[in-house]
Amino acid sequence: MAFSFQVGFKDKNTDARCGILTTQHGEIKTPVFMSVGTFGAVRALDHIDLESIGVQIILGNTYHLYLRPGAETLKRRGGYHKLIHWDRPILTDSGGFQIFSLPHQRVITEDGVEFRSYLDQALRFFSPESNIEFQEVIGSDIMMVLDVCVPSTSSRDIAARAMERTHRWALRCKKAQKNHANALFGIVQGAIYEDLRTESAQALTELDFPGYAIGGLAVGETDDEREHFTHFTASKLPANKPRYLMGVGTPHDLVRSVRAGVDMFDCIIPTNHARQGVAYAFSGKVKLRRAAYAVSDEPVDSSCACFVCQRYSRAYLHQLIKCDEPTGWRLVSFHNTWFYERLMERCRSEIAGGTFDRFSREFLSTVED
RNA sequence: GUGGCUGUAGUCAAGCGGUUAAGACAAUGGAUUGUGAUUCCAUCAUGCGCGGGUUCAAAUCCCGUCAGCCACC
């Protein structure tokens, strides 16, 4: 079955919409939050946890998987889904962001990017073509083009050149794609310059991708800038194609972005913060390391139906996190992933019910981010 | 009883005459947005067992005292 996106309900008062993404590995209801599973697992959780939470799709990282296990192992195992025993959809980030963010030496030229492996310091190289070739070895349901990401605070000149190269690379990635059963998304760049964002959205739209990502945000701009450029960029993208805001974000970021018409998200926050003892909930954020929780008999959220909140107190989670006990990472990661999933589910039902505007305003004004 | 060694933050511990007493752990806050997160940042001894003394200057030297440890009676 070929990749497709079907918009369902559109909210009357905001730009929010819900829909269904169809992939080789099943359907995905949008708006969707994608848990980040860089190395083949959402850190601290296993697939049974993810399935019981209702996780629809996980994200993998081309950059990391290229270095380990590498193409040969993936080919011999018959692809990434088989290697990791996950039969729901997978989206792979191309590595553009890692190349931008990791503090190792790299040289970006028009041909591609040369970088050093963090595993053995060996020089490695990604061209747009070889990057797509590898994402096809992974067998990703949704591949991302290799892009050039720069800080959102970059000068207009730097942002423009990164954007233009991103467009040229996007075309090369598209041409390199052999397996058209899987999707390849383009990535809009342009930092915080409206004219660049407009130009980038148009250039990529002309290449006719099955979906478009908003890249280059959550990399240095303010919350208000992020909201503005999310909304601005989303409005420039085709209404009948999925929009994916990369790397974002907090619960408020998600709700505000759904209001702006974004359909897909990924972020390390729920799992990364979980390991530091930060739990998210409809009742607000709970910093479990705080001394006050050492004796709290309350669950993270008494209205939460996840097994962690059903059974365990803040005091117990506080104890586990303070002791660096891996079970603590799992329990809080489970709760946070559950919360993110329920938040997205709630957005979908409120959109379908025509009440999303009211729900989202209330959420943003009453729930601590 | 005699001799020796040691007493620095909640813990371990640098310092061995000279400006505001390293560092680590713990503790208490904070950060974290396409995961190289068991990470990062901040705060944390007007004080060096106690009492005297020497000196321009003492955690550092001297005397006394208390406590702990070791050895020998």
# chains A, B, ... in the order shown; residues from 1 in each chain; ligands from 1
$ interface_residues --of "chain A" --to "chain B" --cutoff "8 Å" --atoms "only C-alpha atoms (C1' of nucleotides)" --output "list in words"
Val36, Thr38, Asp93, Phe97, Leu102, Tyr118, Gly215, Ala218, Val219, Met246, Gly247, Val248, Gly249, Thr250, Asp266, Cys267, Ile268, Ile269, Asn272, His273 and Asp324 of chain A
$ atom_distance --atom1 "CA of Ser303 (chain A)" --atom2 "CA of Glu227 (chain A)"
29.1 Å
$ residues_around --residues "C5 (chain B)" --least-positions-apart "5" --cutoff "12 Å" --atoms "only C-alpha atoms (C1' of nucleotides)" --output "PyMOL selection string"
chain B and resi 68-71
$ write_last_selection --atoms "N, CA and C atoms (P, O5', C5', C4', C3', O3' and C1' of nucleotides)" --output "CSV table (one decimal), in the first residue's frame"
chain,number,residue,atom,x,y,z
B,68,G,P,37.5,8.0,72.8
B,68,G,O5',38.0,7.7,71.3
B,68,G,C5',37.1,7.5,70.3
B,68,G,C4',37.8,7.4,69.0
B,68,G,C3',38.8,6.2,68.9
B,68,G,O3',38.2,5.0,68.7
B,68,G,C1',39.8,8.2,68.0
B,69,C,P,39.0,3.7,69.2
B,69,C,O5',40.2,3.5,68.2
B,69,C,C5',40.0,3.3,66.8
B,69,C,C4',41.3,3.4,66.1
B,69,C,C3',42.4,2.4,66.6
B,69,C,O3',42.3,1.1,66.2
B,69,C,C1',43.3,4.6,66.3
B,70,C,P,42.9,-0.1,67.1
B,70,C,O5',44.4,0.1,66.9
B,70,C,C5',45.0,-0.1,65.6
B,70,C,C4',46.5,0.1,65.7
B,70,C,C3',47.3,-0.6,66.7
B,70,C,O3',47.6,-1.9,66.3
B,70,C,C1',47.9,1.6,66.8
B,71,A,P,47.9,-3.0,67.5
B,71,A,O5',49.3,-2.6,68.1
B,71,A,C5',50.5,-2.7,67.3
B,71,A,C4',51.6,-2.1,68.0
B,71,A,C3',51.9,-2.7,69.4
B,71,A,O3',52.7,-3.9,69.3
B,71,A,C1',52.0,-0.4,69.6
